[in-house]
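What follows is a set of notes on a single structure, which appears directly below.
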Amino acid sequence: MNSMLTSLIDILRANWQWIVRGYVLWIILGIIFPAQHRAPLQDPQTVQTLQPQVCVHTDLKDEVDEWKIQRSLQLVREMGATTIVEFFPWAYAEPQDNQYNWSQFDRIINHAHNQGLRIIARLGLVPDWARPSDTTLNYLPEESDEAFTEFAVAFATRYAGRVNDVIIWNEPNLAFEWGYQPIDPLRYTRLLEHVYSRLHQANPNIIVHAGALAPTLEPVGSPHGLNDLIYLESLYEVGAYEFFDALAVHAYGLTQPTDAPPAENELNFRRVELIREIIVRYTDDEAPVFITESGWNDNPSWIHAVTPSRRIANTLDAFEWTQQNSSWVENLCIWILRYPRPTRRYPDNWTLVTSEFQLKPIYYAIQSYARGWESDEELWLPAPTK
Amino acid sequence: MATRPYKIRPHNLLYLGTITLFIIGIFAILFQIGVDKPSLKDIFPAGEVRIGIDATLPPFAFISDNELAGFEITLGEQIGEQIGLPVRFVNMGFDGLYDSLVGEPAQVDLVISRLIIDPLRSGEVYYTRPYFNAGLVLVTEDASQINSMNDIQPDTALAYAYGSRADNEARRWLRRIPPFETRPYEIPTHALDAVRVGDADIALTDSVTARLYLSENPQWQAEIYPVTDELYAIAIRIHDIERWRLIENALTDLFENSTIEQLTDLWF
């Protein structure tokens with residue numbers, strides 16, 4: 001025993017320089033490549049809320065740090081929201097034909113599921129290999145419908161039971177979102193038709209949402225897009241309703257209050273009621289509506305914004321409106337919880353939480369509403385008498 | 001035969017460092033020789049200064065009677081005058097501002113549109129010195145002794161707009177100093193009204209609102225104290241160092257001859 005100790009000491013003495021070098025190298029490597037914050041899954045959580053319609057759109061697809069994904073989703077649960085909408089880009093999951101990388105999607109879905117949240121997954125964004133080289137990421141050539149469907153089926157199969165809602169594409173009535181191809185409801189219907197039954201085969205419990213249309217007044221022939229009401233009517237005329245189970249809708253209030261009456265030539269929150277009129281006009285088996293993006297912006301200098309106080313009041317009113325119309329509207333999802341990095345412009349004023357995880361007053365207001373912590377006090381004091 | 005190991009000594013390092021710096025210096029001089037100073041035509045090939053703006057942000061840039069107007073429009077014109085070139089404003093949405101500057105081909109030469117200095121953009125743009133600070137400010141009566149968070153006492157009444165950045169900041173202060181009275185109002189001007197009529201001791205608001213309010217109420221003797229920074233600067237593509245230098249110099253001149261101060265007083 002004694003001789004072993006002696007020989008060990010001899011070895012250390014003989015090699016002390018190497019030991020010091022190794023230690024210094026270890027320190028340097030630790031500085032260059034710091035250990036990632038670990039974000040292990042916790043015990044499964046459940047959302048405590050009195051307002052199940054409360055939902056928020058998240059932006060986690062580009063979040064590098066797993067702990068930030070986890071923290072974001074914890075904040076969603078703690079706010080009392082039952083549901084998130086998240087974009088899962090095809091281009092991220094299948095960068096090469098038939099070569100999938102699910103790692104980022106796994107992180108998001110595992111943590112969301114762990115927090116007890118329902119996930120509505122928006123699918124879109126075309127990888128390079130599935131479109132001509134001179135096109136944008138939103139350009140889906142018809143010959144790539146099958147490849148997109150295979151991705152959607154792979155997604156639905158992998159996450160069955162954890163993700164049972166998928167939205168096919170986003171705002172196909174906008175030129176930008178449609179890859180600058182001519183706006184064509186019939187073409188979009190063919191895409192839905194291609195995907196619909198295959199998704200149901202992959203996951204019998206899946207709810208396929210038609211992509212939300214952008215609220216816009218663009219007339220027929222405009223290079224920028226097409227009026228959402230005209231587009232939706234065209235979808236119903238060509239029978240697209242056979243290929244979706246629910247309709248995603250975007251309902252922004254812009255500068256108008258929540259209760260501003262809807263009109264065909266107005267963009268406001270209750271425009272969703274005009275969408276509903278079209279659904280009812282064409283079908284008996286009415287597709288439920290999910291408002292997957294909504295909200296008001298409170299940047300003090302943007303002309304389409306309202307004051308922060310009005311933003312909060314309008315948002316709470318919108319949740320109340322959703323509850324009153326719960327026979328046909330399931331969720332109201334606020335755009336947006338937080339961005340991975342600040343834009344340092346008015347888009348930051350859509351968020352409920354800053355990129356640095358500072359909770360904004362609107363977060364607290366929604367939380368108080370959803371969890372029943374509201375007090376009887378008015379949100380703000382009356383204007384001083386001059 | 002054992003060779004004597006070479007040891008690096010401090011004076012050797014000093015010697016090597018000096019030699020390296022000398023060689024770098026020689027190269028730097030050699031590369032500068034024969035390089036002509038670029039002309040204005042080289043820096044602005046279009047013969048004009050194309051300025052990207054988002055004219056939805058009064059009083060910075062907006063459309064009035066079908067004409068562009070605002071602080072940033074006047075600032076752009078002044079910069080053009082300093083340089084000696086006409087300016088052309090290219091109005092676009094926020095989302096297109098940086099792309100129009102760094103895309104190929106670039107649609108604009110610079111952007112003046114309330115751009116906050118963004119460290120994450122440092123790989124693609126240079127910013128000039130800031131031309132405006134839109135951060136939060138405390139507004140107090142002249143006689144008040146309160147000009148920072150540390151001066152706030154438990155009996156101090158702080159007015160701000162509910163839900164605003166000022167509300168965020170006030171909540172942060174409540175975690176850092178002993179509790180004080182908070183008076184949330186619907187809009188920031190009500191918070192300023194509250195101080196003016198004596199319902200609150202101080203108001204916390206953004207500097208744009210405070211400046212506009214004080215110019216509309218010149219009889220009210222109040223002071224503004226900066227609390228946070230939100231610095232607006234001009235952005236130029238990173239490859240265009242000469243263009244940046246020219247704009248930076250022009251902006252510096254405008255600061256030194258008080259033009260920026262006059263423009264600020266004019267629009268706020």
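Ligands are numbered from 1 in the order shown, residues from 1 within each chain, and chains are lettered A, B, ... in the order they appear in the structure tokens.
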What residues in chain B lie within 9 Å of chain A, counting only C-alpha atoms, written as a tab-separated table (two decimals) with all heavy atoms, in the first residue's frame?
```tsv
chain	number	residue	atom	x	y	z
B	56	THR	N	-43.94	56.31	-41.42
B	56	THR	CA	-45.15	56.07	-40.62
B	56	THR	C	-44.89	56.46	-39.17
B	56	THR	O	-45.61	56.00	-38.28
B	56	THR	CB	-45.56	54.59	-40.67
B	56	THR	OG1	-44.49	53.80	-40.15
B	56	THR	CG2	-45.87	54.13	-42.09
B	57	LEU	N	-43.85	57.23	-38.95
B	57	LEU	CA	-43.41	57.45	-37.58
B	57	LEU	C	-43.34	58.93	-37.22
B	57	LEU	O	-42.26	59.47	-37.06
B	57	LEU	CB	-42.03	56.80	-37.39
B	57	LEU	CG	-41.88	55.34	-37.81
B	57	LEU	CD1	-40.43	54.96	-37.92
B	57	LEU	CD2	-42.59	54.44	-36.83
B	58	PRO	N	-44.47	59.61	-37.12
B	58	PRO	CA	-44.42	61.02	-36.73
B	58	PRO	C	-43.93	61.18	-35.29
B	58	PRO	O	-44.20	60.30	-34.47
B	58	PRO	CB	-45.88	61.47	-36.86
B	58	PRO	CG	-46.70	60.22	-36.76
B	58	PRO	CD	-45.83	59.12	-37.29
B	59	PRO	N	-43.20	62.23	-34.94
B	59	PRO	CA	-42.80	63.33	-35.82
B	59	PRO	C	-41.46	63.08	-36.50
B	59	PRO	O	-40.84	64.01	-36.99
B	59	PRO	CB	-42.69	64.50	-34.84
B	59	PRO	CG	-42.21	63.86	-33.58
B	59	PRO	CD	-42.81	62.48	-33.55
B	60	PHE	N	-41.03	61.85	-36.55
B	60	PHE	CA	-39.73	61.55	-37.17
B	60	PHE	C	-39.84	61.57	-38.70
B	60	PHE	O	-39.06	62.22	-39.38
B	60	PHE	CB	-39.19	60.21	-36.68
B	60	PHE	CG	-38.72	60.25	-35.27
B	60	PHE	CD1	-39.58	59.98	-34.22
B	60	PHE	CD2	-37.43	60.62	-34.97
B	60	PHE	CE1	-39.16	60.05	-32.90
B	60	PHE	CE2	-36.98	60.69	-33.65
B	60	PHE	CZ	-37.86	60.41	-32.62
B	94	PHE	N	-41.02	48.93	-42.48
B	94	PHE	CA	-39.89	48.61	-41.60
B	94	PHE	C	-39.15	47.36	-42.04
B	94	PHE	O	-37.92	47.31	-42.06
B	94	PHE	CB	-40.38	48.42	-40.17
B	94	PHE	CG	-39.40	47.67	-39.32
B	94	PHE	CD1	-38.25	48.29	-38.89
B	94	PHE	CD2	-39.60	46.33	-39.01
B	94	PHE	CE1	-37.32	47.59	-38.13
B	94	PHE	CE2	-38.68	45.64	-38.26
B	94	PHE	CZ	-37.54	46.27	-37.82
B	114	ARG	N	-35.25	55.90	-37.40
B	114	ARG	CA	-35.35	55.49	-35.99
B	114	ARG	C	-34.73	54.11	-35.76
B	114	ARG	O	-35.26	53.31	-35.00
B	114	ARG	CB	-36.80	55.50	-35.52
B	114	ARG	CG	-37.44	56.87	-35.53
B	114	ARG	CD	-38.78	56.86	-34.85
B	114	ARG	NE	-38.62	56.70	-33.41
B	114	ARG	CZ	-39.63	56.41	-32.60
B	114	ARG	NH1	-40.82	56.18	-33.10
B	114	ARG	NH2	-39.43	56.31	-31.32
B	115	LEU	N	-33.62	53.86	-36.39
B	115	LEU	CA	-32.95	52.57	-36.18
B	115	LEU	C	-32.21	52.62	-34.85
B	115	LEU	O	-31.38	53.50	-34.62
B	115	LEU	CB	-31.96	52.28	-37.30
B	115	LEU	CG	-32.54	52.04	-38.69
B	115	LEU	CD1	-31.41	51.68	-39.66
B	115	LEU	CD2	-33.58	50.93	-38.68
B	116	ILE	N	-32.53	51.66	-34.01
B	116	ILE	CA	-31.82	51.54	-32.73
B	116	ILE	C	-30.54	50.75	-32.99
B	116	ILE	O	-30.57	49.75	-33.72
B	116	ILE	CB	-32.70	50.82	-31.70
B	116	ILE	CG1	-33.96	51.64	-31.45
B	116	ILE	CG2	-31.94	50.60	-30.40
B	116	ILE	CD1	-35.00	50.93	-30.63
B	117	ILE	N	-29.45	51.21	-32.43
B	117	ILE	CA	-28.18	50.53	-32.65
B	117	ILE	C	-28.30	49.08	-32.18
B	117	ILE	O	-28.62	48.82	-31.02
B	117	ILE	CB	-27.04	51.26	-31.91
B	117	ILE	CG1	-26.86	52.66	-32.53
B	117	ILE	CG2	-25.75	50.46	-31.97
B	117	ILE	CD1	-25.93	53.56	-31.78
B	118	ASP	N	-28.08	48.18	-33.11
B	118	ASP	CA	-28.31	46.76	-32.83
B	118	ASP	C	-26.98	46.01	-32.97
B	118	ASP	O	-26.48	45.83	-34.09
B	118	ASP	CB	-29.34	46.23	-33.85
B	118	ASP	CG	-29.69	44.77	-33.59
B	118	ASP	OD1	-29.04	44.14	-32.73
B	118	ASP	OD2	-30.63	44.27	-34.25
B	120	LEU	N	-26.28	43.04	-32.97
B	120	LEU	CA	-26.36	41.84	-33.81
B	120	LEU	C	-26.27	42.16	-35.30
B	120	LEU	O	-26.12	41.27	-36.12
B	120	LEU	CB	-27.65	41.07	-33.50
B	120	LEU	CG	-27.72	40.50	-32.08
B	120	LEU	CD1	-29.08	39.91	-31.81
B	120	LEU	CD2	-26.64	39.46	-31.87
B	161	ALA	N	-47.72	55.89	-17.84
B	161	ALA	CA	-48.81	55.31	-18.64
B	161	ALA	C	-48.88	53.81	-18.39
B	161	ALA	O	-47.86	53.11	-18.49
B	161	ALA	CB	-48.57	55.58	-20.12
B	162	TYR	N	-50.07	53.35	-18.07
B	162	TYR	CA	-50.28	51.93	-17.78
B	162	TYR	C	-49.86	51.08	-18.98
B	162	TYR	O	-50.22	51.37	-20.12
B	162	TYR	CB	-51.76	51.70	-17.45
B	162	TYR	CG	-52.14	50.25	-17.26
B	162	TYR	CD1	-51.71	49.55	-16.15
B	162	TYR	CD2	-52.92	49.59	-18.19
B	162	TYR	CE1	-52.05	48.22	-15.96
B	162	TYR	CE2	-53.28	48.27	-18.02
B	162	TYR	CZ	-52.84	47.58	-16.91
B	162	TYR	OH	-53.18	46.27	-16.75
B	163	GLY	N	-49.10	50.03	-18.70
B	163	GLY	CA	-48.72	49.09	-19.75
B	163	GLY	C	-47.54	49.51	-20.59
B	163	GLY	O	-47.08	48.75	-21.43
B	164	SER	N	-47.04	50.73	-20.36
B	164	SER	CA	-45.98	51.25	-21.23
B	164	SER	C	-44.59	50.80	-20.75
B	164	SER	O	-44.46	50.12	-19.74
B	164	SER	CB	-46.03	52.78	-21.22
B	164	SER	OG	-45.73	53.24	-19.91
B	165	ARG	N	-43.56	51.22	-21.50
B	165	ARG	CA	-42.18	50.96	-21.08
B	165	ARG	C	-41.93	51.55	-19.70
B	165	ARG	O	-41.19	51.00	-18.88
B	165	ARG	CB	-41.21	51.62	-22.06
B	165	ARG	CG	-40.86	50.78	-23.26
B	165	ARG	CD	-39.71	51.41	-24.01
B	165	ARG	NE	-40.06	52.69	-24.62
B	165	ARG	CZ	-39.21	53.68	-24.88
B	165	ARG	NH1	-37.95	53.54	-24.57
B	165	ARG	NH2	-39.62	54.79	-25.47
B	167	ASP	N	-44.10	51.84	-17.34
B	167	ASP	CA	-44.72	50.92	-16.38
B	167	ASP	C	-43.75	49.78	-16.08
B	167	ASP	O	-43.53	49.42	-14.91
B	167	ASP	CB	-46.03	50.40	-16.99
B	167	ASP	CG	-46.86	49.57	-16.01
B	167	ASP	OD1	-46.33	49.16	-14.97
B	167	ASP	OD2	-48.04	49.32	-16.30
B	168	ASN	N	-43.14	49.25	-17.13
B	168	ASN	CA	-42.12	48.19	-16.95
B	168	ASN	C	-41.02	48.66	-16.01
B	168	ASN	O	-40.60	47.94	-15.10
B	168	ASN	CB	-41.44	47.87	-18.29
B	168	ASN	CG	-42.13	46.76	-19.03
B	168	ASN	OD1	-43.16	46.26	-18.60
B	168	ASN	ND2	-41.56	46.37	-20.16
B	171	ARG	N	-42.13	49.02	-12.42
B	171	ARG	CA	-42.21	47.70	-11.76
B	171	ARG	C	-40.81	47.22	-11.36
B	171	ARG	O	-40.61	46.58	-10.34
B	171	ARG	CB	-42.87	46.68	-12.69
B	171	ARG	CG	-44.36	46.89	-12.86
B	171	ARG	CD	-44.92	46.00	-13.97
B	171	ARG	NE	-46.22	46.45	-14.41
B	171	ARG	CZ	-47.37	45.82	-14.16
B	171	ARG	NH1	-47.37	44.71	-13.47
B	171	ARG	NH2	-48.51	46.30	-14.60
B	183	ARG	N	-48.96	55.76	-9.83
B	183	ARG	CA	-50.19	56.33	-10.38
B	183	ARG	C	-50.23	56.07	-11.89
B	183	ARG	O	-49.72	56.85	-12.69
B	183	ARG	CB	-50.26	57.83	-10.08
B	183	ARG	CG	-50.34	58.12	-8.56
B	183	ARG	CD	-50.58	59.59	-8.25
B	183	ARG	NE	-51.89	60.07	-8.66
B	183	ARG	CZ	-53.03	59.85	-8.00
B	183	ARG	NH1	-53.02	59.13	-6.88
B	183	ARG	NH2	-54.18	60.33	-8.44
B	184	PRO	N	-50.83	54.92	-12.26
B	184	PRO	CA	-50.92	54.61	-13.69
B	184	PRO	C	-52.05	55.38	-14.37
B	184	PRO	O	-53.15	55.49	-13.81
B	184	PRO	CB	-51.21	53.10	-13.69
B	184	PRO	CG	-51.90	52.84	-12.39
B	184	PRO	CD	-51.38	53.84	-11.41
B	185	TYR	N	-51.77	55.90	-15.53
B	185	TYR	CA	-52.79	56.62	-16.32
B	185	TYR	C	-52.92	55.95	-17.68
B	185	TYR	O	-52.06	55.16	-18.09
B	185	TYR	CB	-52.41	58.10	-16.47
B	185	TYR	CG	-52.53	58.86	-15.18
B	185	TYR	CD1	-51.44	59.03	-14.34
B	185	TYR	CD2	-53.75	59.39	-14.77
B	185	TYR	CE1	-51.55	59.70	-13.13
B	185	TYR	CE2	-53.88	60.07	-13.57
B	185	TYR	CZ	-52.78	60.23	-12.76
B	185	TYR	OH	-52.90	60.89	-11.57
B	186	GLU	N	-53.98	56.36	-18.37
B	186	GLU	CA	-54.24	55.71	-19.66
B	186	GLU	C	-53.16	56.06	-20.69
B	186	GLU	O	-52.72	55.20	-21.46
B	186	GLU	CB	-55.62	56.11	-20.20
B	186	GLU	CG	-55.97	55.40	-21.49
B	186	GLU	CD	-57.28	55.83	-22.08
B	186	GLU	OE1	-57.95	56.70	-21.50
B	186	GLU	OE2	-57.63	55.30	-23.15
B	187	ILE	N	-52.76	57.31	-20.71
B	187	ILE	CA	-51.77	57.74	-21.71
B	187	ILE	C	-50.67	58.57	-21.02
B	187	ILE	O	-50.91	59.14	-19.95
B	187	ILE	CB	-52.42	58.56	-22.85
B	187	ILE	CG1	-53.29	59.69	-22.28
B	187	ILE	CG2	-53.24	57.66	-23.76
B	187	ILE	CD1	-53.89	60.58	-23.34
B	190	HIS	N	-51.41	62.12	-19.76
B	190	HIS	CA	-52.15	62.23	-18.49
B	190	HIS	C	-51.19	62.15	-17.31
B	190	HIS	O	-51.40	62.82	-16.29
B	190	HIS	CB	-53.20	61.11	-18.38
B	190	HIS	CG	-54.38	61.31	-19.29
B	190	HIS	ND1	-55.37	60.38	-19.42
B	190	HIS	CD2	-54.71	62.32	-20.12
B	190	HIS	CE1	-56.27	60.82	-20.29
B	190	HIS	NE2	-55.89	62.00	-20.73
B	191	ALA	N	-50.16	61.33	-17.45
B	191	ALA	CA	-49.16	61.25	-16.38
B	191	ALA	C	-48.45	62.60	-16.22
B	191	ALA	O	-48.20	63.06	-15.10
B	191	ALA	CB	-48.15	60.15	-16.71
B	193	ASP	N	-49.77	65.49	-17.16
B	193	ASP	CA	-50.80	66.39	-16.59
B	193	ASP	C	-50.83	66.26	-15.07
B	193	ASP	O	-50.96	67.25	-14.35
B	193	ASP	CB	-52.19	66.01	-17.12
B	193	ASP	CG	-52.42	66.45	-18.57
B	193	ASP	OD1	-51.69	67.35	-19.03
B	193	ASP	OD2	-53.31	65.88	-19.22
B	194	ALA	N	-50.73	65.01	-14.60
B	194	ALA	CA	-50.83	64.75	-13.16
B	194	ALA	C	-49.73	65.50	-12.40
B	194	ALA	O	-49.98	66.05	-11.33
B	194	ALA	CB	-50.74	63.25	-12.90
B	196	ARG	N	-48.18	68.18	-13.54
B	196	ARG	CA	-48.40	69.63	-13.74
B	196	ARG	C	-49.47	70.17	-12.79
B	196	ARG	O	-49.33	71.27	-12.25
B	196	ARG	CB	-48.79	69.89	-15.20
B	196	ARG	CG	-48.81	71.36	-15.60
B	196	ARG	CD	-48.99	71.52	-17.09
B	196	ARG	NE	-50.16	70.81	-17.59
B	196	ARG	CZ	-51.42	71.25	-17.50
B	196	ARG	NH1	-51.66	72.42	-16.94
B	196	ARG	NH2	-52.41	70.54	-17.97
B	197	VAL	N	-50.54	69.38	-12.55
B	197	VAL	CA	-51.62	69.87	-11.68
B	197	VAL	C	-51.42	69.47	-10.22
B	197	VAL	O	-52.23	69.78	-9.37
B	197	VAL	CB	-53.02	69.40	-12.17
B	197	VAL	CG1	-53.27	69.83	-13.60
B	197	VAL	CG2	-53.17	67.88	-12.02
B	199	ASP	N	-51.11	66.26	-8.94
B	199	ASP	CA	-51.60	64.94	-8.50
B	199	ASP	C	-50.47	63.94	-8.31
B	199	ASP	O	-50.68	62.88	-7.71
B	199	ASP	CB	-52.59	64.37	-9.53
B	199	ASP	CG	-53.93	65.08	-9.47
B	199	ASP	OD1	-54.08	65.95	-8.59
B	199	ASP	OD2	-54.81	64.78	-10.31
B	209	THR	N	-42.53	61.98	-26.02
B	209	THR	CA	-43.76	62.51	-25.43
B	209	THR	C	-43.45	63.69	-24.52
B	209	THR	O	-44.15	64.71	-24.54
B	209	THR	CB	-44.48	61.41	-24.63
B	209	THR	OG1	-44.70	60.29	-25.48
B	209	THR	CG2	-45.81	61.90	-24.09
```
Problem set entry | strand (DSSP E or B) residues, from DSSP on the backbone, in region 35-140 of chain B, as a PyMOL selection string | chain B and resi 49-53+57+61-64+67-69+87-91+110-111+116+125-127+132-133+136-140
Problem set entry | Residue contacts of Ile207 (chain A) (10 Å, only C-alpha atoms) excluding same-chain residues fewer than 3 positions away, as number ranges by chain | A: 120, 163-167, 196, 199-200, 203-204, 210, 244-247
For this session: Excluding Arg121 (chain B) and any residue of its chain fewer than 6 positions from it, enumerate the residues within 10 Å of it, using only C-alpha atoms, and give them as a PyMOL selection string.
Result: chain B and resi 98+127+235+238
For this session: Do a neighbour search on region 242-254 of chain B at 10 Å with only C-alpha atoms, toss out local chain neighbours closer than 4 positions, and write the hits as a PyMOL selection string.
Result: chain B and resi 37-40+42-44+75-76+78-83+109-110+125-131+234-238+258-263
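For the pair CA of Ala157 (chain B) and CA of Asn314 (chain A), the interatomic distance is 27.4 Å.
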For this session: Find the residues near Asn110 (chain A): any atom within 12 Å, counting only C-alpha atoms, skip ones fewer than 3 places away on the same chain, and give them as a VMD selection string.
Result: chain A and resid 39 to 42 44 66 69 to 70 73 102 to 107 113 to 119 158 to 159 161 to 163
For this session: Do a neighbour search on Thr315 (chain A) at 9 Å with only C-alpha atoms, toss out local chain neighbours closer than 5 positions, and write the hits as a list in words.
Result: Thr258, Ser294, Gly295, Trp296, Arg310, Glu320, Ile334, Ile362 and Ile366 of chain A
Just to be explicit: take each residue in the selection above, keep C-alpha atoms, and write the result as a PDB file, in the first residue's frame.
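Writing the result to result_34.pdb gives the following:
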```pdb
ATOM      1  CA  THR A 258     -62.412  45.085 -30.039  1.00  0.00           C
ATOM      2  CA  SER A 294     -54.371  38.313 -33.013  1.00  0.00           C
ATOM      3  CA  GLY A 295     -53.495  41.340 -30.981  1.00  0.00           C
ATOM      4  CA  TRP A 296     -52.769  45.027 -30.941  1.00  0.00           C
ATOM      5  CA  ARG A 310     -55.690  50.316 -24.913  1.00  0.00           C
ATOM      6  CA  GLU A 320     -64.157  37.921 -23.477  1.00  0.00           C
ATOM      7  CA  ILE A 334     -52.022  36.386 -29.191  1.00  0.00           C
ATOM      8  CA  ILE A 362     -49.782  42.941 -20.676  1.00  0.00           C
ATOM      9  CA  ILE A 366     -53.592  38.329 -19.291  1.00  0.00           C
TER      10      ILE A 366
END
```
Problem set entry | Every residue of region 39-149 of chain B that DSSP places in alpha helix (DSSP H), as a list in words | Leu40, Lys41, Asp42, Ile43, Phe71, Glu72, Ile73, Thr74, Leu75, Gly76, Glu77, Gln78, Ile79, Gly80, Glu81, Gln82, Ile83, Leu97, Tyr98, Asp99, Ser100, Leu101 and Val102 of chain B
Exercise. Between CA of Gly211 (chain A) and CA of Gln48 (chain A), what is the spacing in Å?
Worked result: 29.2 Å
